[in-house]
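S.K.: Attaching a single structure in structure tokens format; questions to follow.
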Amino acid sequence: MQDHRHRLNRDRKGVMDLPIKLMVIMIVITVSVPLLTDALDDNQERLADAEMQQEASKIMNAAVLAHYSGNGSARTVEVKLPAGCEISIGGEGSDAYSMRSMYNGKVVSTDYFERPVIKVENNIVVAGHVTLMLRNIDCGNVSGMEVTVI
């Protein structure tokens, strides 16, 4: 009989402690979920940046080949970007010498046409699966490039 009462007291204590245990578990989950989603978002951004860097490298190589082939020469390159990814080529000021990789509207990396120095005369934003034509044009004292979607 005494053994049965001791067990009953333990069961009451467990039932009384249950709300506290549940509250602690909920607090841990509430704190952990935002941290996990931030980590997943950062990981997705890094993966997207790696894919965009591969495509940016293809664009850069095509620009260099067109540059060394002389004025008026052109090269084409097929670009495949995942959803949420864009590459902005050219722009105003120093952006005219660069490509910016963007993930969900945020610039995640910038590459410059610096060896050789190439100025992109127009600004174009590339997304999805497209074919680009890069044509070497005369820009005075700097080699120029015109980029169009074909």
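The chains in the structure tokens are called A, B, ... from first to last as shown; in each chain the residues are counted from 1, and the ligands are counted from 1 in the order shown.
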Running DSSP on the backbone, which parts of stretch 31-117 of chain A land in strand (DSSP E), as a list of chain:residue names?
M.R.: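 For stretch 31-117 of chain A, the strand (DSSP E) set is A:Ala74, A:Arg75, A:Thr76, A:Val77, A:Glu78, A:Val79, A:Lys80, A:Cys85, A:Glu86, A:Ile87, A:Ser88, A:Ile89, A:Ser98, A:Met99, A:Arg100, A:Ser101, A:Met102, A:Tyr103, A:Lys106, A:Val107, A:Val108, A:Ser109, A:Thr110, A:Asp111, A:Tyr112.
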S.K.: With a distance cut-off of 6 Å and only C-alpha atoms, select the neighbouring residues of stretch 107-118 of chain A, excluding the residue or stretch itself and same-chain residues fewer than 4 positions from it, and output the selection as a ChimeraX atom specification.
M.R.: /A:97-102,143-144
S.K.: Restricted to N, CA and C atoms, what would the selected residues look like written as an mmCIF file, in the first residue's frame?
M.R.:
data_model
loop_
_atom_site.group_PDB
_atom_site.id
_atom_site.type_symbol
_atom_site.label_atom_id
_atom_site.label_comp_id
_atom_site.auth_asym_id
_atom_site.auth_seq_id
_atom_site.Cartn_x
_atom_site.Cartn_y
_atom_site.Cartn_z
ATOM 1 N N TYR A 97 31.713 49.407 -65.689
ATOM 2 C CA TYR A 97 32.839 48.477 -65.788
ATOM 3 C C TYR A 97 32.604 47.202 -64.959
ATOM 4 N N SER A 98 31.335 46.935 -64.612
ATOM 5 C CA SER A 98 31.080 45.834 -63.682
ATOM 6 C C SER A 98 29.841 45.024 -64.025
ATOM 7 N N MET A 99 29.749 43.873 -63.341
ATOM 8 C CA MET A 99 28.560 43.020 -63.329
ATOM 9 C C MET A 99 28.190 42.797 -61.879
ATOM 10 N N ARG A 100 26.923 42.973 -61.542
ATOM 11 C CA ARG A 100 26.461 42.747 -60.183
ATOM 12 C C ARG A 100 25.523 41.552 -60.144
ATOM 13 N N SER A 101 25.828 40.578 -59.289
ATOM 14 C CA SER A 101 24.973 39.406 -59.100
ATOM 15 C C SER A 101 24.008 39.718 -57.972
ATOM 16 N N MET A 102 22.701 39.532 -58.243
ATOM 17 C CA MET A 102 21.679 39.877 -57.255
ATOM 18 C C MET A 102 20.802 38.664 -56.951
ATOM 19 N N SER A 143 38.252 50.289 -74.267
ATOM 20 C CA SER A 143 37.516 49.288 -75.033
ATOM 21 C C SER A 143 36.075 49.243 -74.545
ATOM 22 N N GLY A 144 35.145 49.213 -75.486
ATOM 23 C CA GLY A 144 33.730 49.201 -75.119
ATOM 24 C C GLY A 144 33.060 47.899 -75.509
#
S.K.: Could you pull out the helix (DSSP H, G or I) residues of chain A from DSSP and send them as a PyMOL selection string?
M.R.: chain A and resi 2-69+93-97
S.K.: Would you mind telling me which residue in A:Lys21, A:Arg135, A:His129, A:Lys58 lies nearest to A:Val77 when using only C-alpha atoms?
M.R.: A:Lys58
S.K.: Could you state the separation of atom CA of A:Gly93 and atom CA of A:Val142 in Å, given to one decimal place?
M.R.: 13.6 Å
S.K.: From the list A:Gly72, A:Met23, A:Glu121, A:Ile87, which residue is nearest A:Gln53 when using only C-alpha atoms?
M.R.: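 When distances to A:Gln53 are compared using only C-alpha atoms, the smallest one comes from A:Ile87.
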S.K.: Pick from A:Met60, A:Glu55, A:Tyr68, A:Gly128: nearest to A:Ala83, with only C-alpha atoms counted?
M.R.: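 The answer is A:Gly128, which sits nearest to A:Ala83.
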S.K.: Counting only C-alpha atoms, what is within 12 Å of A:Val130, bar same-chain residues fewer than 2 positions away, as an MDAnalysis selection string?
M.R.: chainID A and resid 55 59 76:82 86:87 125:128 132:133 148:150
S.K.: Take atom CA of A:Val31 and atom CA of A:Asn104 and report the distance between them in Å, one decimal.
M.R.: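 Calculated distance between atom CA of A:Val31 and atom CA of A:Asn104 is 25.6 Å.
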S.K.: Would you mind reading off the distance between atom CA of A:Gly84 and atom CA of A:Asn123, one decimal, in Å?
M.R.: 19.2 Å
S.K.: Go through A:Gly70, A:Cys85, A:Leu18, A:Met145 and flag the residue nearest A:Gly105, using only C-alpha atoms for the distances.
M.R.: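 Among the listed residues, A:Cys85 lies closest to A:Gly105.
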